[in-house]
Structure formats: C-alpha cells, structure tokens
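One structure below.
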Amino acid sequence: MQKRNWWKLFFAIYILVVIKVIIFKYPYEELMRIAATWRRDVIFEGLGTANFTPFKTIKMYIDYSYKLNSVENLAGNVLVFVPLGFLFPFVAKEGERFFVMLLNAFVFVLGIEVFQLFSAFGAFDVDDILLNCVGASLGFGMYRLIQLWRKRKGLCDGRVTEKD
C-alpha cells in the first residue's frame with residue numbers, strides 16, 4: 001500500500017473517532033432515549049439553548065475558570081482538531097493550501113454543530129467552531145513546520161508525493 005493510502009486510512013479513522021467522541025459520546029441506550037424524543041419541540045429547544053454569540057462561552061469559561069472545568073473544555077476543543085489540520089494536507093493535494101484546509105475544517109465542524117443543534121445529541125456553540133478551527137490551524141502550522149524541516153534536511157521537495 002502506498003504511503004498516501006496509509007495517510008488516507010489514518011485520516012478516515014481519525015474522522016470516525018472524532019464523530020464518535022463528539023456526537024455519539026453517550027452510551028447506546030442514552031442515544032436511543034434521546035432519539036426517541038425527536039419532535040419539532042426538541043429542535044426548537046435546541047435553538048433556544050444554542051450559543052450564536054461569538055466568544056460568549058469562551059468568556060464564561062475564563063470568568064468562571066475557578067469553578068468550571070474551563071481548561072479542559074477550551075483546550076479539548078482546540079486539541080481534538082489539531083490532527084485534522086496536520087493530516088488533511090497528506091490526504092488531499094489541495095489541502096496543502098491553508099485556506100482549503102481551513103474551509104474543509106470549518107465545513108466539517110459546522111456539520112457537527114448543526115447536527116447537534118437539531119438532534120439533541122449535544123449543543124450548538126459557535127465558540128466550538130472557532131476553537132476547533134484554531135486547532136485545525138495549529139495542526140496545519142505543525143504540518144508546514146515539518147515540511148520546512150524536511151526540505152532543509154533534503155528529505156523531500158517540501159510537499160508530499162506518491163512515493164513519500
């Protein structure tokens with residue numbers, strides 16, 4: 001199997017793990033109980049509890065850091081998407097461009113948040129989108145640093161190729 005195919009497999013596993021951890025985090029029985037409540041009022045309830053104000057949740061976590069598990073929530077939202085920014089350039093040639101990677105990360109994260117909004121499997125929070133995209137950006141920065149290091153060491157031409 002070529003290296004790029006291994007990266008694609010690893011990326012697919014990563015995406016599945018993210019979906020499991022973020023969306024399907026509850027035990028199966030709990031998910032079925034939540035799904036059994038799906039009606040129009042559940043959707044409106046999700047809209048009522050959603051955070052559409054940028055930095056509102058982030059500010060709350062900072063203001064009440066002594067009471068809440070703020071560091072875990074803020075850092076977790078960033079760290080879980082670092083691998084996306086790092087791996088995406090390995091699996092998609094276009095992903096070697098920052099804005100392409102960021103747009104793909106944004107669409108993926110937005111999909112998760114919208115699903116949570118309408119499914120009651122979580123809560124929509126615009127700050128999660130911001131933090132997740134920061135994480136993907138950090139991962140992309142790591143990818144770029146490694147590519148720069150490899151280029152300087154003469155290990156590659158600075159980008160991933162089929163034979164790499």
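By convention here, the chains of the structure tokens are called A, B, ... in the order presented, each chain's residues are numbered starting at 1, and ligands are numbered starting at 1 in the order presented.
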
How close does segment 121-143 of chain A get to segment 47-65 of chain A? List, as a Markdown table, each residue of segment 121-143 of chain A within 8 Å, its nearest atom pair and the distance in Å to one decimal, counting only C-alpha atoms.
| residue | atom | partner | partner_atom | distance |
| --- | --- | --- | --- | --- |
| A:Ala123 | CA | A:Ala50 | CA | 6.1 |
| A:Phe124 | CA | A:Ala50 | CA | 4.9 |
| A:Asp125 | CA | A:Asn51 | CA | 4.6 |
| A:Val126 | CA | A:Phe52 | CA | 5.4 |
| A:Asp127 | CA | A:Pro54 | CA | 5.8 |

Writer output for current selection, N, CA, C and O atoms, as a CSV table (one decimal), in the first residue's frame:
chain,number,residue,atom,x,y,z
A,123,ALA,N,-25.0,20.3,22.1
A,123,ALA,CA,-25.5,21.7,22.0
A,123,ALA,C,-24.7,22.5,21.0
A,123,ALA,O,-23.4,22.3,20.9
A,124,PHE,N,-25.4,23.2,20.2
A,124,PHE,CA,-24.7,24.1,19.2
A,124,PHE,C,-24.0,25.2,19.9
A,124,PHE,O,-24.6,25.9,20.8
A,125,ASP,N,-22.7,25.5,19.6
A,125,ASP,CA,-22.0,26.6,20.2
A,125,ASP,C,-21.0,27.1,19.1
A,125,ASP,O,-20.1,26.4,18.7
A,126,VAL,N,-21.2,28.4,18.7
A,126,VAL,CA,-20.4,29.0,17.7
A,126,VAL,C,-18.9,29.0,18.2
A,126,VAL,O,-18.0,29.0,17.4
A,127,ASP,N,-18.7,29.1,19.5
A,127,ASP,CA,-17.3,29.1,20.1
A,127,ASP,C,-16.6,27.8,19.8
A,127,ASP,O,-15.4,27.7,19.7

Non-local contacts of segment 9-20 of chain A (8 Å; only C-alpha atoms; under 6 positions in same chain excluded) as an NGL selection string: :A and (80 or 83-84 or 87-88 or 91 or 112)

Do you have, as a tab-separated table, the list of residues of segment 83-155 of chain A lying at most 9 Å from segment 22-45 of chain A, each with its nearest atom pair and that distance in Å to one decimal, counting only C-alpha atoms and ordered by chain then number?
residue	atom	partner	partner_atom	distance
A:Ile112	CA	A:Ile23	CA	7.2
A:Glu113	CA	A:Ile23	CA	9.0
A:Phe115	CA	A:Ile23	CA	8.2
A:Gln116	CA	A:Ile23	CA	7.0
A:Leu117	CA	A:Ile43	CA	7.1
A:Phe118	CA	A:Ile43	CA	5.1
A:Ser119	CA	A:Trp38	CA	7.0
A:Ala120	CA	A:Ile34	CA	6.8
A:Phe121	CA	A:Ile23	CA	6.1
A:Gly122	CA	A:Ile23	CA	6.8

Residues just named, written with C-alpha atoms as a PDB file, in the first residue's frame:
ATOM      1  CA  ILE A 112     -21.162  18.505  13.615  1.00  0.00           C
ATOM      2  CA  GLU A 113     -22.575  21.586  15.343  1.00  0.00           C
ATOM      3  CA  PHE A 115     -26.274  18.018  13.740  1.00  0.00           C
ATOM      4  CA  GLN A 116     -26.028  18.641  17.484  1.00  0.00           C
ATOM      5  CA  LEU A 117     -28.434  21.574  17.164  1.00  0.00           C
ATOM      6  CA  PHE A 118     -31.168  19.505  15.547  1.00  0.00           C
ATOM      7  CA  SER A 119     -30.544  16.107  17.150  1.00  0.00           C
ATOM      8  CA  ALA A 120     -30.188  16.944  20.872  1.00  0.00           C
ATOM      9  CA  PHE A 121     -27.002  14.810  20.867  1.00  0.00           C
ATOM     10  CA  GLY A 122     -25.173  17.895  22.039  1.00  0.00           C
TER      11      GLY A 122
END

Minimum-distance residue to Asp128 of chain A, chosen among A:Gly111, A:Phe90, A:Lys8, A:Leu145 (using only C-alpha atoms):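 Using only C-alpha atoms, Asp128 of chain A sits closest to A:Gly111.
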
DSSP-assigned alpha helix (DSSP H) members of segment 19-59 of chain A, reported as a list in words: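 Residues meeting the alpha helix (DSSP H) criterion: Ile19, Lys20, Val21, Ile22, Tyr28, Glu29, Glu30, Leu31, Met32, Arg33, Ile34, Ala35, Ala36, Arg40, Asp41, Val42, Ile43, Phe44, Glu45, Gly46, Leu47, Gly48, Thr49, Lys56, Thr57, Ile58 and Lys59 of chain A.
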
Residues as selected, N, CA, C and O atoms, written as an mmCIF file, in the first residue's frame, can you do that?
data_model
loop_
_atom_site.group_PDB
_atom_site.id
_atom_site.type_symbol
_atom_site.label_atom_id
_atom_site.label_comp_id
_atom_site.auth_asym_id
_atom_site.auth_seq_id
_atom_site.Cartn_x
_atom_site.Cartn_y
_atom_site.Cartn_z
ATOM 1 N N ILE A 19 -16.124 11.843 15.313
ATOM 2 C CA ILE A 19 -17.590 11.745 15.287
ATOM 3 C C ILE A 19 -18.091 10.966 16.500
ATOM 4 O O ILE A 19 -19.057 11.358 17.148
ATOM 5 N N LYS A 20 -17.427 9.879 16.831
ATOM 6 C CA LYS A 20 -17.818 9.074 17.990
ATOM 7 C C LYS A 20 -17.680 9.872 19.288
ATOM 8 O O LYS A 20 -18.580 9.895 20.122
ATOM 9 N N VAL A 21 -16.566 10.557 19.444
ATOM 10 C CA VAL A 21 -16.285 11.275 20.685
ATOM 11 C C VAL A 21 -17.172 12.506 20.846
ATOM 12 O O VAL A 21 -17.622 12.808 21.952
ATOM 13 N N ILE A 22 -17.461 13.199 19.759
ATOM 14 C CA ILE A 22 -18.218 14.438 19.867
ATOM 15 C C ILE A 22 -19.721 14.205 19.760
ATOM 16 O O ILE A 22 -20.489 14.727 20.565
ATOM 17 N N TYR A 28 -25.126 3.793 24.139
ATOM 18 C CA TYR A 28 -26.132 3.488 23.124
ATOM 19 C C TYR A 28 -27.555 3.688 23.639
ATOM 20 O O TYR A 28 -28.398 4.283 22.954
ATOM 21 N N GLU A 29 -27.828 3.213 24.831
ATOM 22 C CA GLU A 29 -29.171 3.330 25.398
ATOM 23 C C GLU A 29 -29.580 4.793 25.558
ATOM 24 O O GLU A 29 -30.730 5.160 25.308
ATOM 25 N N GLU A 30 -28.643 5.616 25.985
ATOM 26 C CA GLU A 30 -28.918 7.049 26.140
ATOM 27 C C GLU A 30 -29.182 7.701 24.781
ATOM 28 O O GLU A 30 -30.080 8.530 24.646
ATOM 29 N N LEU A 31 -28.414 7.323 23.768
ATOM 30 C CA LEU A 31 -28.639 7.851 22.427
ATOM 31 C C LEU A 31 -30.026 7.466 21.916
ATOM 32 O O LEU A 31 -30.723 8.289 21.307
ATOM 33 N N MET A 32 -30.433 6.243 22.183
ATOM 34 C CA MET A 32 -31.763 5.800 21.738
ATOM 35 C C MET A 32 -32.867 6.550 22.491
ATOM 36 O O MET A 32 -33.891 6.910 21.911
ATOM 37 N N ARG A 33 -32.640 6.835 23.766
ATOM 38 C CA ARG A 33 -33.605 7.604 24.548
ATOM 39 C C ARG A 33 -33.731 9.017 23.992
ATOM 40 O O ARG A 33 -34.829 9.545 23.839
ATOM 41 N N ILE A 34 -32.599 9.616 23.659
ATOM 42 C CA ILE A 34 -32.615 10.963 23.077
ATOM 43 C C ILE A 34 -33.322 10.938 21.721
ATOM 44 O O ILE A 34 -34.181 11.784 21.439
ATOM 45 N N ALA A 35 -32.979 9.965 20.888
ATOM 46 C CA ALA A 35 -33.590 9.871 19.560
ATOM 47 C C ALA A 35 -35.100 9.666 19.654
ATOM 48 O O ALA A 35 -35.855 10.162 18.806
ATOM 49 N N ALA A 36 -35.560 8.971 20.677
ATOM 50 C CA ALA A 36 -36.998 8.735 20.846
ATOM 51 C C ALA A 36 -37.753 10.029 21.152
ATOM 52 O O ALA A 36 -38.969 10.091 20.957
ATOM 53 N N ARG A 40 -40.611 18.175 16.796
ATOM 54 C CA ARG A 40 -40.386 19.572 16.438
ATOM 55 C C ARG A 40 -39.973 20.400 17.657
ATOM 56 O O ARG A 40 -39.093 21.253 17.565
ATOM 57 N N ASP A 41 -40.572 20.150 18.827
ATOM 58 C CA ASP A 41 -40.240 20.942 20.008
ATOM 59 C C ASP A 41 -38.797 20.714 20.465
ATOM 60 O O ASP A 41 -38.184 21.603 21.053
ATOM 61 N N VAL A 42 -38.241 19.535 20.194
ATOM 62 C CA VAL A 42 -36.839 19.276 20.532
ATOM 63 C C VAL A 42 -35.936 20.176 19.703
ATOM 64 O O VAL A 42 -34.954 20.730 20.206
ATOM 65 N N ILE A 43 -36.286 20.347 18.432
ATOM 66 C CA ILE A 43 -35.498 21.223 17.568
ATOM 67 C C ILE A 43 -35.568 22.653 18.081
ATOM 68 O O ILE A 43 -34.558 23.340 18.194
ATOM 69 N N PHE A 44 -36.767 23.119 18.437
ATOM 70 C CA PHE A 44 -36.896 24.474 18.962
ATOM 71 C C PHE A 44 -36.185 24.632 20.301
ATOM 72 O O PHE A 44 -35.648 25.695 20.600
ATOM 73 N N GLU A 45 -36.164 23.577 21.094
ATOM 74 C CA GLU A 45 -35.426 23.609 22.354
ATOM 75 C C GLU A 45 -33.935 23.776 22.085
ATOM 76 O O GLU A 45 -33.245 24.532 22.756
ATOM 77 N N GLY A 46 -33.432 23.058 21.071
ATOM 78 C CA GLY A 46 -32.026 23.196 20.687
ATOM 79 C C GLY A 46 -31.693 24.603 20.240
ATOM 80 O O GLY A 46 -30.627 25.138 20.560
ATOM 81 N N LEU A 47 -32.602 25.229 19.510
ATOM 82 C CA LEU A 47 -32.391 26.614 19.087
ATOM 83 C C LEU A 47 -32.360 27.555 20.289
ATOM 84 O O LEU A 47 -31.605 28.521 20.308
ATOM 85 N N GLY A 48 -33.176 27.240 21.300
ATOM 86 C CA GLY A 48 -33.233 28.080 22.492
ATOM 87 C C GLY A 48 -31.994 27.990 23.357
ATOM 88 O O GLY A 48 -31.639 28.953 24.041
ATOM 89 N N THR A 49 -31.333 26.861 23.346
ATOM 90 C CA THR A 49 -30.141 26.680 24.188
ATOM 91 C C THR A 49 -28.838 26.887 23.428
ATOM 92 O O THR A 49 -27.764 26.857 24.026
ATOM 93 N N LYS A 56 -18.913 34.148 23.655
ATOM 94 C CA LYS A 56 -19.746 34.114 24.861
ATOM 95 C C LYS A 56 -19.334 32.959 25.781
ATOM 96 O O LYS A 56 -19.121 33.159 26.978
ATOM 97 N N THR A 57 -19.230 31.758 25.235
ATOM 98 C CA THR A 57 -18.844 30.599 26.049
ATOM 99 C C THR A 57 -17.390 30.699 26.478
ATOM 100 O O THR A 57 -17.054 30.384 27.623
ATOM 101 N N ILE A 58 -16.539 31.161 25.592
ATOM 102 C CA ILE A 58 -15.123 31.316 25.923
ATOM 103 C C ILE A 58 -14.976 32.282 27.094
ATOM 104 O O ILE A 58 -14.252 32.008 28.054
ATOM 105 N N LYS A 59 -15.675 33.411 27.024
ATOM 106 C CA LYS A 59 -15.624 34.396 28.107
ATOM 107 C C LYS A 59 -16.145 33.796 29.418
ATOM 108 O O LYS A 59 -15.562 34.011 30.479
#

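Nearest to Tyr143 of chain A of all the residues A:Trp6, A:Tyr66, A:Phe108, A:Phe98 is A:Phe98, counting only C-alpha atoms.
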